[in-house]
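Read through the structure below, which is laid out as C-alpha cells, and then see the notes.
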Amino acid sequence: MKLTRRDVLRFAGGSVLGALFTPIPWKLLDDSSIWTQNWSLIPPLPRGPITTKFTHCPLCSAGCTAKARCVNGVPVGLSGVPNLATRNGMLCAVGLAAHHVAYHPLRLSGPQAFTGKDDGSVLMPVTLDALLASLGPKLRAVMSSASAGAVAVLDQRPGRAMSRRYQKFLSGIPGSMYVVSPSREDGMLGTLRALSGSPCGPMGFDFENTKTVLSVGAPLLDGWGVPERMQVLFADTSASGKTLMQIESSQSRTARGATTWLPVVPGTEAALALSFANVIFREGLYPKEIERTITDFPRYRELVLRYHPHPISALTGVSPDTIVDTARKIAGSPSIVIAGADPARGPLEKSTEILVAGLNLLLGAPARSGGITLRREMPDVDAGAMPETPLHRVPDHSIGLLIMDGAEYGESFPTSLLKRKMVADGGTVVLLSPHLSARSASADYLIPTPSPFESWEEHPTPPGAAAASFSVSAPLLAPRETSVDAVRFLGLLSEAIGTGTEGSTSPEAVLRQRSDAIQSAGRGTVYAPDGAEGKPVSAFSNGDEAWQAFLDGGCWVDEPAAPARSGRFSILGTLTDDELATAARPRQREGAAITLTPTGVRAAMSSGSISPILSKIFQESDLRGNSGTALINPTTASQLGIQDGSAAVVRSRKGTLQVRLMLDPAVRPGLLQAAVGPWPNGTSGTETMDNEGVLAICEVQEDGTWRFTDVTIEKA
Amino acid sequence: MDQGTQKKSRYGMLIDLDRCNGCGACMVACAVEHNVAPAEHKATARTGVTWLRVAPMSNGGEFPATDTIYVPMPCQQCEKDTPCVAVCPQNAVDVDPATGIVGQVPQRCLGCRYCMTACPYHARYFDWWDPQWPKGMEQALNPDVAPRMRGVVEKCNFCHARLHTARTKAAAEGRESINPADYVPACVEVCPSKAIVFGDLEDATSELAQAVKHPHVFRFLEKLGTESKVYYRSDKQWVLDKAKSLQTV
Ligand code: SF4
Ligand code: SF4
Ligand code: SF4
C-alpha cells in the first residue's frame, strides 16, 4: 500500500477530530483551568479547638449580646442571643461581622502626628513619648490662657466608666467642657431635661408599655436604640397592638414599616407639631394638671392656637384630616413623641426639637407609664458628673484643645461643624481611634486605640432605654503592641502635665470598679446571657461574685425608678418669638435648587469602622448606598435629564461632590439623598482621609444642624 | 450505615416579604458563613459575589403612593429540570436526591458559566478575582467551608456544611434523623424580623409545609415549571400581581 502525503494528512486530521470525541481535550482543559484557578494562594482555614464565648457587640451604643464562635480562641463567627431579657439580641448586619474589624487595612499602625497645620502638612509616625512631649505643653498652654479656648473631650460613647474618667480629668481644668455627639439617638431626652425647672436625672422611653409612638424622623426600625427591641415592639404592630406613626419627607425603611407614614415637606415638622398641639388644645385632649406644671402654658397656648390644621396642611403637605386624626391618636392613649436624630442627617433644628419634645409635656408623658420614664443614676465610683453638651450646642470658636474619643461611633457629623467649634487658628485636636477615617484629617495627633474585641469593653445603658444597664466584654483578641487604650493615654497625659498618675490603672480595673459600685449599691438584677433567670445583685455576697457574673457575659439591669410626680417644665424653653416664627416657616429654597440631605446606616459611617465584608451590601448589591451614591426621585431625575446609574456632579456653596445617581420613587421629588458610609472597598488611607463625602458639602446652619442643603446637579 | 440520617427530605424555605425590612443581616451572615471574600476593588453589583442577595422592589407608584419591598434571593433550589444542572458540561452541579439541595462542586467547575446563563433567577455568581482577605483575617474564616478559587461559579447551597454538622450530631447521638433545630441556615438564624421559615417540605407536619399552603404564597417565575423550593409570601396585592407578571428576576 502506497502511503501518500494526502493519507498522512487525512490520518492526522482524523485523529484530531476523533480525539475531540474522547475525554482527553476536556480533561486537559479542565486540568489547565484548575491549575490556573489555583495558582495564587487560597488561604488555609483556621484549625484548632472550637469554643464559644458570650460577649457584646462593641460597634455601637446598643451593645447587643452576642455569642462568639472561636477557633483557637479567635472569633470566627458571631451570632445574636435571642430572647434575652435585657438587650434582646439579634445582631444587625454590621454587628454580625464585628470580629473582622481588627483586620481592617485602614487600621493605624502606631501613633501619628501631622507635621503642621497648612495644606502641605503630612501625617508622620511618631513615638508615644514624642507625641506626649509635643502635646503636653500645648495642653498646659490652653489650660493657662483664657484666650486660648477651653479644653474639651468629645466622648462618642457617653455613659461609660471611661466617660467618668474623662469627666474627672476635665473637672480639674477650669472652664473645660464635656462634649457628646450631636446625633445621639435620645438627644431629645437631653432637651426635655433642659426644659425641666428643677434638676432631673436621666430619662428613657417606656416603649414596652406605650400604645402609640409618633416619630419625627427617628429611624426606629432601621437600627435605632437596641434594634431587636424596636423590631419586636414595632415591626409587627398587629401582633404587639401598638401604633407607629412616622413623619418623614421620604419613605424610609421606618416609614415603610410604620403603621402610618406622614410624608411631610422638609423643614415643616415644627409647624406640624404646633398643629397637633392646636387640635389637642381646641378639643381639650390634654391632662388639665399640666396647666399648673407648665410654667409658660399661656404663651404656648397663644402660639399653638395660630396653627390651625387647614393652613398648616398647605405648608406641610399633610392633610387636615390626618393632622386631626394623628393628634387625637397621640392624645387618646399612652404615647411617646420622638424627635429623632439620624446617624447621618444629625439632629432636628433646635426649635423643631423643642416643639416636638414639648408635645410630650402637653400629653403629660414624663414620669408616666407608657411615656417618658425617669431612670436611676448608674452606681459609680467617680462621682461628680459634668453636664453633657452636644457638639452642635457648643459655642462657636470656644475649644482650644479637643480630645476626641472615637472617630465616629454609630453616627457622624460634618468636619466643618467641628472646625467651627475650635478656636480661630484651629487649636489642637487629638483623635483616639483604631482606624483612619475622614475625621483623621482634622486631627493633629492620632492615637491608635485597640480595635473591637482587642480590649476590655463596657456597654452602658443604650440610648432610650427605660432602665440603666451595664455589661462588659473581656478581650477576645490580643491587642497590637502599638495600641494605646484610652485609660492609659489619659493617665500618661495627666502625668505629662503634672496633674496626677492615673496611668496606673487599666481598662479592666476601671470596669471592675464599676462592677464593685453596682454590687455595693445592691440593686437591680444580673441576667445571664443564656437566658437563665436573673440573679438579684443583693444575692452576690462580694464583688468577686458580681465581677464573675459580668465576665460570664451577664448584663445588669437596674430597678425602675420610684414613681415621681412630674415636675415643672417650660414647654418653649429659651425659644424667642423670632425663633418661633422662623421655626414654623418652610425652608426657603433658592431658585430651582434641589435639597440635599445625607442618609446612612448606624454604625456604618466609614470604611475602617466596619468589616470589609460589608461590601456585600454596600458595593456588591444595591441594598444600601455607599459613599458616592445618591438617591433621587425619577420625576426629578427626568426633569434634570438624568438616567438611573449615571454619574453627576452635586454643587453646594461648600463644594462639589461626584456621585452615582440611583432612581428611587420612595424619595420625595426635589430631594437628593446622598449616602454617608463606607467607600467601595475603601482601603487607601490617603483617599479615605481626603474624602469626607457628602458631609463635606453640607452646610452647617446657625444652630449647628446640617439636615438640608440647597444644591444643583449636573451630569458628569 | 445510619439509614436515619439519609431519610429523604426536600428542604425549602418561605420568605415573608412583608416582614423583611431589607436590613441585609442575612447577606452578611451568608458571606461570613461561606468564606466569601470581600469585594475586589472593581467589583460591582454585576460582578460581586453574594450567595444571597436582597434586592429592593418598588410598586412603581408615584410619590407618595409608593411602596418598596425587599426580596431576598438565594438559589431557588429548582427541583424539576433544574436548569443549571442540565447545562453543566462538567457534572459540577447536581441535585441531591436525599435532600433536594442543588449542590455545586467548585473543583469540577470549568468556569464556562453556562449555568449562570441558564439560571432564570440570577442566583449564581462567578469568581472574577482571586479571593483575598486583608492580612490576618484568614484566621477569622469559618473552619467548616473551603474558600473557592478564581474562575469558578458559586451559589447558595442551603448551608450544606450545617446539614453535615447536624447529621454528625445525630449519628453521634444514635438518632435516626437530624433534629430540625440543628439544621438552621445562617440567613434564617440571623434574620431579626423572622422573615424566613426553613424546613422539610416532605414533612407534612413541619411549619414550612403548613405555611406554604397559604393562598398568598407564591414562587417566582412559576410558569417556567422549575418547581423551586424557595417560596415567598406577601399579603400586598401589588406584590402578588408583580410576581405573577415577572418575565425575569
Ligand atoms: S452594631 Fe450596634 S446594633 Fe448592630 S449588632 Fe452591634 S451593637 Fe447591635
Ligand atoms: S435557582 Fe438557578 S442556581 Fe438555583 S437551582 Fe435554579 S437554576 Fe440552579
Ligand atoms: S435578615 Fe431578614 S429582614 Fe434582614 S434582609 Fe434578610 S430576610 Fe430581610
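By convention here, the chains of the C-alpha cells are called A, B, ... in the order presented, each chain's residues are numbered starting at 1, and ligands are numbered starting at 1 in the order presented.
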With only C-alpha atoms as the counted atoms, please give the residues lying no more than 12 Å from Leu663 (chain A), apart from itself and same-chain residues fewer than 3 positions off, as a short mmCIF file (atom, residue, chain, number, x, y, z; two decimals) with C-alpha atoms, in the first residue's frame.
```
data_model
loop_
_atom_site.label_atom_id
_atom_site.label_comp_id
_atom_site.auth_asym_id
_atom_site.auth_seq_id
_atom_site.Cartn_x
_atom_site.Cartn_y
_atom_site.Cartn_z
CA ASP A 622 -27.94 47.86 45.53
CA GLY A 625 -25.82 53.13 49.08
CA THR A 629 -24.09 57.26 45.63
CA ALA A 630 -27.28 59.25 45.95
CA LEU A 631 -30.97 58.53 45.53
CA ILE A 632 -33.29 60.77 43.59
CA ASN A 633 -36.94 60.62 42.56
CA PRO A 634 -37.43 59.52 38.91
CA THR A 635 -39.54 62.62 38.15
CA THR A 636 -36.85 64.96 39.44
CA ALA A 637 -34.22 62.97 37.55
CA SER A 638 -36.11 63.19 34.28
CA ILE A 642 -30.54 62.19 34.36
CA GLN A 643 -30.72 58.41 33.94
CA ASP A 644 -30.55 55.67 36.54
CA GLY A 645 -26.95 54.88 37.44
CA SER A 646 -25.48 57.92 35.72
CA ARG A 660 -23.68 57.97 41.03
CA ALA A 666 -39.64 56.49 47.56
CA VAL A 667 -37.54 59.68 47.61
CA ARG A 668 -39.54 62.90 47.70
CA PRO A 669 -39.38 64.88 44.45
CA LEU A 671 -34.78 65.84 47.40
CA LEU A 672 -31.38 64.27 46.88
CA GLN A 673 -30.46 61.65 49.47
CA ALA A 674 -26.72 61.13 49.41
CA PRO B 56 -35.40 46.28 46.62
CA SER B 58 -40.85 49.07 44.11
CA GLY B 60 -43.62 51.85 40.74
#
```
Please write out the residues within 9 Å of ligand 3 as JSON, numbers by chain, counting only C-alpha atoms and all ligand atoms. {"A": [92, 93, 623], "B": [15, 16, 17, 19, 20, 21, 22, 23, 24, 25, 26, 27, 28, 29, 52, 53, 54, 55, 70, 71, 72, 187, 188, 189, 190, 191, 192, 193, 194, 195, 196]}
All residues within 9 Å of ligand 1 are required, counting only C-alpha atoms and all ligand atoms; please report them as a PyMOL selection string. chain A and resi 56-66+80+87+89-98+223-228+410+602-604+610
Selected residues, C-alpha atoms, written as a compact mmCIF listing (two decimals), in the first residue's frame, please.
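Ended up saving to selection-v7.txt:
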```txt
# COMPACT_ATOMS: atom_id res chain seq x y z
CA HIS A 56 -21.26 42.01 73.31
CA CYS A 57 -21.06 43.80 70.02
CA PRO A 58 -18.71 46.74 70.53
CA LEU A 59 -19.66 48.67 67.38
CA CYS A 60 -22.42 50.90 68.63
CA SER A 61 -24.22 52.11 71.71
CA ALA A 62 -26.73 49.22 71.63
CA GLY A 63 -24.04 46.75 72.77
CA CYS A 64 -26.11 43.76 71.62
CA THR A 65 -25.30 40.49 73.38
CA ALA A 66 -23.51 38.06 71.09
CA GLY A 80 -27.16 37.04 68.37
CA ARG A 87 -30.50 43.63 75.20
CA GLY A 89 -30.36 40.47 70.85
CA MET A 90 -30.23 39.66 67.23
CA LEU A 91 -27.20 41.29 65.69
CA CYS A 92 -27.57 43.80 62.90
CA ALA A 93 -25.78 43.39 59.56
CA VAL A 94 -22.83 45.44 60.78
CA GLY A 95 -22.51 43.65 64.11
CA LEU A 96 -22.55 40.20 62.51
CA ALA A 97 -19.08 40.86 61.10
CA ALA A 98 -17.70 42.90 64.01
CA GLY A 223 -31.02 50.29 63.70
CA TRP A 224 -32.29 52.72 66.35
CA GLY A 225 -31.75 52.04 70.07
CA VAL A 226 -31.44 48.30 70.54
CA PRO A 227 -32.58 47.22 67.07
CA GLU A 228 -34.17 43.95 68.15
CA GLY A 410 -22.66 54.76 65.29
CA ARG A 602 -26.00 53.44 62.11
CA ALA A 603 -22.56 52.01 62.91
CA ALA A 604 -21.55 52.08 59.23
CA ILE A 610 -16.79 48.07 59.75
```
Produce as number ranges by chain the set of residues near ligand 2, where near means within 7 Å with only C-alpha atoms and all ligand atoms considered. B: 75-78, 82-85, 102, 118-124, 155, 228
Dump N, CA and C atoms for the selected residues as a PDB file, in the first residue's frame?
```pdb
ATOM      1  N   CYS B  75     -30.349  30.878  45.869  1.00  0.00           N
ATOM      2  CA  CYS B  75     -30.660  29.869  44.853  1.00  0.00           C
ATOM      3  C   CYS B  75     -32.042  29.314  45.199  1.00  0.00           C
ATOM      4  N   GLN B  76     -32.873  29.182  44.180  1.00  0.00           N
ATOM      5  CA  GLN B  76     -34.262  28.789  44.442  1.00  0.00           C
ATOM      6  C   GLN B  76     -34.424  27.273  44.562  1.00  0.00           C
ATOM      7  N   GLN B  77     -33.308  26.554  44.456  1.00  0.00           N
ATOM      8  CA  GLN B  77     -33.302  25.092  44.637  1.00  0.00           C
ATOM      9  C   GLN B  77     -34.350  24.437  43.731  1.00  0.00           C
ATOM     10  N   CYS B  78     -34.202  24.715  42.438  1.00  0.00           N
ATOM     11  CA  CYS B  78     -35.157  24.192  41.453  1.00  0.00           C
ATOM     12  C   CYS B  78     -35.156  22.662  41.493  1.00  0.00           C
ATOM     13  N   THR B  82     -33.913  20.973  36.542  1.00  0.00           N
ATOM     14  CA  THR B  82     -33.099  22.050  37.128  1.00  0.00           C
ATOM     15  C   THR B  82     -32.201  22.679  36.057  1.00  0.00           C
ATOM     16  N   PRO B  83     -32.455  23.927  35.678  1.00  0.00           N
ATOM     17  CA  PRO B  83     -31.779  24.495  34.506  1.00  0.00           C
ATOM     18  C   PRO B  83     -30.260  24.458  34.593  1.00  0.00           C
ATOM     19  N   CYS B  84     -29.711  24.741  35.767  1.00  0.00           N
ATOM     20  CA  CYS B  84     -28.252  24.813  35.866  1.00  0.00           C
ATOM     21  C   CYS B  84     -27.620  23.427  35.773  1.00  0.00           C
ATOM     22  N   VAL B  85     -28.344  22.419  36.236  1.00  0.00           N
ATOM     23  CA  VAL B  85     -27.813  21.052  36.188  1.00  0.00           C
ATOM     24  C   VAL B  85     -27.748  20.585  34.740  1.00  0.00           C
ATOM     25  N   VAL B 102     -29.619  21.628  45.631  1.00  0.00           N
ATOM     26  CA  VAL B 102     -28.834  21.719  44.406  1.00  0.00           C
ATOM     27  C   VAL B 102     -27.417  22.098  44.805  1.00  0.00           C
ATOM     28  N   ALA B 118     -28.107  29.887  32.206  1.00  0.00           N
ATOM     29  CA  ALA B 118     -29.342  29.091  32.272  1.00  0.00           C
ATOM     30  C   ALA B 118     -30.204  29.454  33.472  1.00  0.00           C
ATOM     31  N   CYS B 119     -29.595  29.910  34.550  1.00  0.00           N
ATOM     32  CA  CYS B 119     -30.358  30.158  35.778  1.00  0.00           C
ATOM     33  C   CYS B 119     -31.318  31.330  35.589  1.00  0.00           C
ATOM     34  N   PRO B 120     -32.607  31.081  35.661  1.00  0.00           N
ATOM     35  CA  PRO B 120     -33.554  32.179  35.424  1.00  0.00           C
ATOM     36  C   PRO B 120     -33.637  33.143  36.599  1.00  0.00           C
ATOM     37  N   TYR B 121     -33.006  32.787  37.716  1.00  0.00           N
ATOM     38  CA  TYR B 121     -33.140  33.612  38.921  1.00  0.00           C
ATOM     39  C   TYR B 121     -31.883  34.446  39.213  1.00  0.00           C
ATOM     40  N   HIS B 122     -30.892  34.354  38.332  1.00  0.00           N
ATOM     41  CA  HIS B 122     -29.629  35.074  38.537  1.00  0.00           C
ATOM     42  C   HIS B 122     -29.075  34.798  39.933  1.00  0.00           C
ATOM     43  N   ALA B 123     -29.112  33.539  40.305  1.00  0.00           N
ATOM     44  CA  ALA B 123     -28.705  33.181  41.660  1.00  0.00           C
ATOM     45  C   ALA B 123     -27.287  32.627  41.710  1.00  0.00           C
ATOM     46  N   ARG B 124     -26.570  32.710  40.579  1.00  0.00           N
ATOM     47  CA  ARG B 124     -25.214  32.148  40.537  1.00  0.00           C
ATOM     48  C   ARG B 124     -24.208  33.259  40.324  1.00  0.00           C
ATOM     49  N   LYS B 155     -22.646  29.417  44.539  1.00  0.00           N
ATOM     50  CA  LYS B 155     -24.035  29.789  44.833  1.00  0.00           C
ATOM     51  C   LYS B 155     -24.477  29.209  46.171  1.00  0.00           C
ATOM     52  N   SER B 228     -39.342  25.317  42.042  1.00  0.00           N
ATOM     53  CA  SER B 228     -38.332  25.751  43.017  1.00  0.00           C
ATOM     54  C   SER B 228     -38.851  25.534  44.440  1.00  0.00           C
TER      55      SER B 228
END
```
Just list as JSON, numbers by chain whatever in region 1-230 of chain B DSSP marks as helix (DSSP H, G or I). {"B": [4, 5, 6, 25, 26, 27, 28, 29, 30, 31, 32, 33, 83, 84, 85, 86, 87, 114, 115, 116, 117, 118, 137, 138, 139, 140, 160, 161, 162, 163, 164, 165, 166, 167, 168, 169, 170, 171, 172, 180, 181, 182, 186, 187, 188, 189, 190, 207, 208, 209, 210, 211, 222, 223, 224]}
Give me, as JSON lines, each residue of region 12-78 of chain B that comes within 12 Å of region 40-51 of chain A, together with its shortest interatomic pair and the distance in Å at one decimal, counting only C-alpha atoms, with rows ordered by chain and rising residue number.
```
{"residue": "B:His34", "atom": "CA", "partner": "A:Leu45", "partner_atom": "CA", "distance": 11.7}
{"residue": "B:Asn35", "atom": "CA", "partner": "A:Leu45", "partner_atom": "CA", "distance": 9.6}
{"residue": "B:Val36", "atom": "CA", "partner": "A:Pro43", "partner_atom": "CA", "distance": 11.8}
{"residue": "B:Ala37", "atom": "CA", "partner": "A:Pro43", "partner_atom": "CA", "distance": 10.6}
```
What residues in region 29-142 of chain A get the DSSP label strand (DSSP E or B)? Please answer as a PyMOL selection string. chain A and resi 50-56+65-71+74-80+107+112-114+123-125
Written file, previous selection with N, CA, C and O atoms, as a CSV table (one decimal), in the first residue's frame:
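Everything below was put into again.csv:
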```csv
chain,number,residue,atom,x,y,z
A,50,ILE,N,-12.6,24.3,69.0
A,50,ILE,CA,-13.7,25.2,68.8
A,50,ILE,C,-14.4,25.5,70.1
A,50,ILE,O,-14.7,24.5,70.8
A,51,THR,N,-14.5,26.7,70.4
A,51,THR,CA,-15.2,27.1,71.7
A,51,THR,C,-16.2,28.2,71.4
A,51,THR,O,-16.1,28.8,70.3
A,52,THR,N,-17.1,28.4,72.4
A,52,THR,CA,-18.0,29.6,72.2
A,52,THR,C,-17.9,30.5,73.5
A,52,THR,O,-17.7,29.9,74.6
A,53,LYS,N,-18.0,31.8,73.3
A,53,LYS,CA,-17.9,32.7,74.4
A,53,LYS,C,-19.0,33.7,74.2
A,53,LYS,O,-19.2,34.2,73.1
A,54,PHE,N,-19.6,34.1,75.4
A,54,PHE,CA,-20.5,35.2,75.3
A,54,PHE,C,-19.8,36.5,75.3
A,54,PHE,O,-18.8,36.7,76.1
A,55,THR,N,-20.3,37.5,74.6
A,55,THR,CA,-19.6,38.8,74.5
A,55,THR,C,-20.7,39.8,74.1
A,55,THR,O,-21.9,39.5,74.2
A,56,HIS,N,-20.3,41.0,73.8
A,56,HIS,CA,-21.3,42.0,73.3
A,56,HIS,C,-20.7,42.7,72.1
A,56,HIS,O,-19.5,42.9,72.0
A,65,THR,N,-26.0,41.7,72.9
A,65,THR,CA,-25.3,40.5,73.4
A,65,THR,C,-25.1,39.5,72.2
A,65,THR,O,-25.9,39.4,71.3
A,66,ALA,N,-23.9,38.9,72.2
A,66,ALA,CA,-23.5,38.1,71.1
A,66,ALA,C,-22.8,36.8,71.6
A,66,ALA,O,-22.3,36.8,72.7
A,67,LYS,N,-22.9,35.8,70.8
A,67,LYS,CA,-22.1,34.6,71.1
A,67,LYS,C,-21.0,34.5,70.0
A,67,LYS,O,-21.3,34.5,68.8
A,68,ALA,N,-19.8,34.4,70.5
A,68,ALA,CA,-18.7,34.3,69.5
A,68,ALA,C,-18.3,32.8,69.4
A,68,ALA,O,-18.0,32.1,70.4
A,69,ARG,N,-18.2,32.3,68.2
A,69,ARG,CA,-17.7,31.0,67.9
A,69,ARG,C,-16.2,31.2,67.6
A,69,ARG,O,-15.8,32.0,66.8
A,70,CYS,N,-15.3,30.5,68.4
A,70,CYS,CA,-13.9,30.8,68.3
A,70,CYS,C,-13.1,29.5,67.9
A,70,CYS,O,-13.5,28.4,68.2
A,71,VAL,N,-12.1,29.7,67.1
A,71,VAL,CA,-11.1,28.6,66.8
A,71,VAL,C,-9.8,29.1,67.4
A,71,VAL,O,-9.4,30.2,67.1
A,74,VAL,N,-9.8,32.5,68.8
A,74,VAL,CA,-10.0,33.6,67.9
A,74,VAL,C,-11.4,33.6,67.3
A,74,VAL,O,-11.8,32.6,66.7
A,75,PRO,N,-12.2,34.7,67.4
A,75,PRO,CA,-13.6,34.6,66.9
A,75,PRO,C,-13.7,34.4,65.4
A,75,PRO,O,-13.0,35.1,64.6
A,76,VAL,N,-14.5,33.4,65.0
A,76,VAL,CA,-14.7,33.2,63.5
A,76,VAL,C,-16.1,33.4,63.1
A,76,VAL,O,-16.5,33.3,61.9
A,77,GLY,N,-17.0,33.7,64.1
A,77,GLY,CA,-18.4,34.0,63.7
A,77,GLY,C,-19.1,34.5,64.9
A,77,GLY,O,-18.7,34.2,66.1
A,78,LEU,N,-20.1,35.4,64.7
A,78,LEU,CA,-20.8,35.9,65.8
A,78,LEU,C,-22.3,35.7,65.5
A,78,LEU,O,-22.7,35.7,64.4
A,79,SER,N,-23.0,35.4,66.6
A,79,SER,CA,-24.5,35.3,66.4
A,79,SER,C,-25.2,36.0,67.6
A,79,SER,O,-24.6,36.1,68.6
A,80,GLY,N,-26.4,36.4,67.3
A,80,GLY,CA,-27.2,37.0,68.4
A,80,GLY,C,-27.6,36.1,69.4
A,80,GLY,O,-27.5,34.9,69.3
A,107,ARG,N,-6.5,50.2,59.6
A,107,ARG,CA,-6.1,50.4,61.0
A,107,ARG,C,-4.8,51.2,61.1
A,107,ARG,O,-3.9,51.0,60.3
A,112,GLN,N,0.6,58.8,65.3
A,112,GLN,CA,1.0,59.6,64.2
A,112,GLN,C,0.6,61.0,64.5
A,112,GLN,O,-0.2,61.3,65.3
A,113,ALA,N,1.4,61.9,63.8
A,113,ALA,CA,1.1,63.4,64.0
A,113,ALA,C,1.2,64.1,62.7
A,113,ALA,O,2.1,63.7,61.9
A,114,PHE,N,0.4,65.1,62.5
A,114,PHE,CA,0.6,65.9,61.3
A,114,PHE,C,1.8,66.9,61.5
A,114,PHE,O,2.1,67.3,62.6
A,123,LEU,N,1.1,63.4,57.5
A,123,LEU,CA,0.9,62.6,58.7
A,123,LEU,C,2.2,61.8,58.8
A,123,LEU,O,2.7,61.1,57.9
A,124,MET,N,2.9,61.9,60.0
A,124,MET,CA,4.1,61.1,60.2
A,124,MET,C,4.0,60.3,61.4
A,124,MET,O,3.4,60.7,62.4
A,125,PRO,N,4.6,59.0,61.4
A,125,PRO,CA,4.6,58.2,62.6
A,125,PRO,C,5.5,58.9,63.6
A,125,PRO,O,6.5,59.5,63.3
```
Skip Pro219 (chain A) itself and residues of its chain fewer than 4 positions away, then list as a list in words all residues within 8 Å of it, counting only C-alpha atoms. Gly223, Trp224, Ser252, Arg253, Thr254, Gly340 and Asp342 of chain A
Keeping only N, CA, C and O atoms, write the selected residues as a JSON list (two decimals), in the first residue's frame.
```json
[["chain", "number", "residue", "atom", "x", "y", "z"],
["A", 223, "GLY", "N", -32.25, 50.29, 62.89],
["A", 223, "GLY", "CA", -31.02, 50.29, 63.70],
["A", 223, "GLY", "C", -31.07, 51.18, 64.92],
["A", 223, "GLY", "O", -30.08, 51.33, 65.62],
["A", 224, "TRP", "N", -32.20, 51.77, 65.23],
["A", 224, "TRP", "CA", -32.29, 52.72, 66.35],
["A", 224, "TRP", "C", -32.29, 51.98, 67.69],
["A", 224, "TRP", "O", -32.86, 50.89, 67.80],
["A", 252, "SER", "N", -38.66, 56.19, 54.14],
["A", 252, "SER", "CA", -37.50, 55.45, 54.64],
["A", 252, "SER", "C", -37.94, 54.02, 54.99],
["A", 252, "SER", "O", -39.13, 53.69, 54.92],
["A", 253, "ARG", "N", -36.99, 53.19, 55.43],
["A", 253, "ARG", "CA", -37.36, 51.85, 55.87],
["A", 253, "ARG", "C", -38.33, 51.92, 57.05],
["A", 253, "ARG", "O", -39.25, 51.12, 57.17],
["A", 254, "THR", "N", -38.12, 52.90, 57.95],
["A", 254, "THR", "CA", -39.03, 53.03, 59.09],
["A", 254, "THR", "C", -40.41, 53.49, 58.62],
["A", 254, "THR", "O", -41.44, 52.95, 59.05],
["A", 340, "GLY", "N", -36.34, 62.76, 66.28],
["A", 340, "GLY", "CA", -35.26, 61.81, 66.07],
["A", 340, "GLY", "C", -34.04, 62.38, 65.43],
["A", 340, "GLY", "O", -34.10, 63.01, 64.38],
["A", 342, "ASP", "N", -30.80, 61.48, 63.33],
["A", 342, "ASP", "CA", -30.48, 60.44, 62.37],
["A", 342, "ASP", "C", -28.96, 60.28, 62.35],
["A", 342, "ASP", "O", -28.25, 61.27, 62.51]]
```
Using Å and a single decimal, report how far CA of Phe489 (chain A) sits from CA of Gly172 (chain A). 16.8 Å
Residues within 7 Å of region 135-152 of chain A, only C-alpha atoms, excluding chain neighbours under 3 positions, as a list in words: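 So the residues in contact are Leu131, Leu132, Ile173, Gly175, Ser176, Met177, Tyr178, Val179, Ser398, Ile399, Gly400, Leu401, Leu402, Ile403, Val423, Leu493, Ala496 and Ile497 of chain A.
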Write the residues of the selection above to a file with N, CA, C and O atoms, as a short mmCIF file (atom, residue, chain, number, x, y, z; two decimals), in the first residue's frame.
```
data_model
loop_
_atom_site.label_atom_id
_atom_site.label_comp_id
_atom_site.auth_asym_id
_atom_site.auth_seq_id
_atom_site.Cartn_x
_atom_site.Cartn_y
_atom_site.Cartn_z
N LEU A 131 5.05 62.15 71.06
CA LEU A 131 3.72 62.75 70.92
C LEU A 131 3.31 63.46 72.21
O LEU A 131 2.86 64.61 72.20
N LEU A 132 3.55 62.79 73.33
CA LEU A 132 3.18 63.39 74.61
C LEU A 132 4.05 64.61 74.91
O LEU A 132 3.57 65.61 75.46
N ILE A 173 -9.77 71.01 85.36
CA ILE A 173 -9.35 72.05 84.42
C ILE A 173 -10.45 73.12 84.34
O ILE A 173 -11.54 72.83 83.81
N GLY A 175 -13.07 75.76 83.29
CA GLY A 175 -13.67 76.16 82.00
C GLY A 175 -13.76 75.04 80.99
O GLY A 175 -14.13 75.26 79.83
N SER A 176 -13.41 73.82 81.37
CA SER A 176 -13.40 72.73 80.39
C SER A 176 -14.83 72.27 80.06
O SER A 176 -15.77 72.60 80.78
N MET A 177 -14.96 71.51 78.98
CA MET A 177 -16.29 71.07 78.53
C MET A 177 -16.28 69.58 78.25
O MET A 177 -15.33 69.06 77.66
N TYR A 178 -17.38 68.93 78.62
CA TYR A 178 -17.57 67.52 78.28
C TYR A 178 -18.62 67.48 77.16
O TYR A 178 -19.77 67.83 77.37
N VAL A 179 -18.17 67.09 75.98
CA VAL A 179 -19.00 67.23 74.79
C VAL A 179 -19.40 65.84 74.29
O VAL A 179 -18.62 64.89 74.37
N SER A 398 -14.86 78.05 70.59
CA SER A 398 -14.62 78.07 72.04
C SER A 398 -13.66 76.98 72.51
O SER A 398 -13.22 76.99 73.64
N ILE A 399 -13.33 76.02 71.63
CA ILE A 399 -12.47 74.91 72.10
C ILE A 399 -11.03 75.15 71.62
O ILE A 399 -10.79 75.33 70.42
N GLY A 400 -10.12 75.11 72.57
CA GLY A 400 -8.71 75.29 72.21
C GLY A 400 -8.00 73.97 72.03
O GLY A 400 -7.14 73.83 71.17
N LEU A 401 -8.38 72.98 72.84
CA LEU A 401 -7.78 71.65 72.70
C LEU A 401 -8.87 70.60 72.90
O LEU A 401 -9.59 70.63 73.90
N LEU A 402 -8.98 69.74 71.92
CA LEU A 402 -10.06 68.74 71.96
C LEU A 402 -9.48 67.34 71.91
O LEU A 402 -8.65 67.02 71.05
N ILE A 403 -9.94 66.51 72.85
CA ILE A 403 -9.60 65.08 72.80
C ILE A 403 -10.85 64.37 72.31
O ILE A 403 -11.90 64.46 72.95
N VAL A 423 -11.13 77.06 68.19
CA VAL A 423 -10.69 78.46 68.14
C VAL A 423 -10.22 78.79 66.72
O VAL A 423 -9.97 77.89 65.91
N LEU A 493 -1.17 61.40 79.83
CA LEU A 493 -1.34 62.83 79.60
C LEU A 493 -1.40 63.59 80.92
O LEU A 493 -0.81 64.66 81.06
N ALA A 496 1.99 63.91 82.10
CA ALA A 496 2.77 64.86 81.31
C ALA A 496 2.50 66.30 81.75
O ALA A 496 3.37 67.16 81.63
N ILE A 497 1.29 66.57 82.23
CA ILE A 497 1.01 67.94 82.65
C ILE A 497 1.06 68.08 84.18
O ILE A 497 0.70 69.10 84.74
#
```
Given only C-alpha atoms as the counted atoms, nearest of A:Lys616, A:His435, A:Arg5, A:Arg653 to chain B: A:Lys616
One decimal, Å: what's the distance from CA of His308 (chain A) over to CA of Phe276 (chain A), could you say?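 We find that CA of His308 (chain A) and CA of Phe276 (chain A) lie 8.8 Å from each other.
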In Å, with one decimal, what is the gap from CA of Gly136 (chain B) to CA of His41 (chain B)?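 Distance between the two atoms: 18.7 Å.
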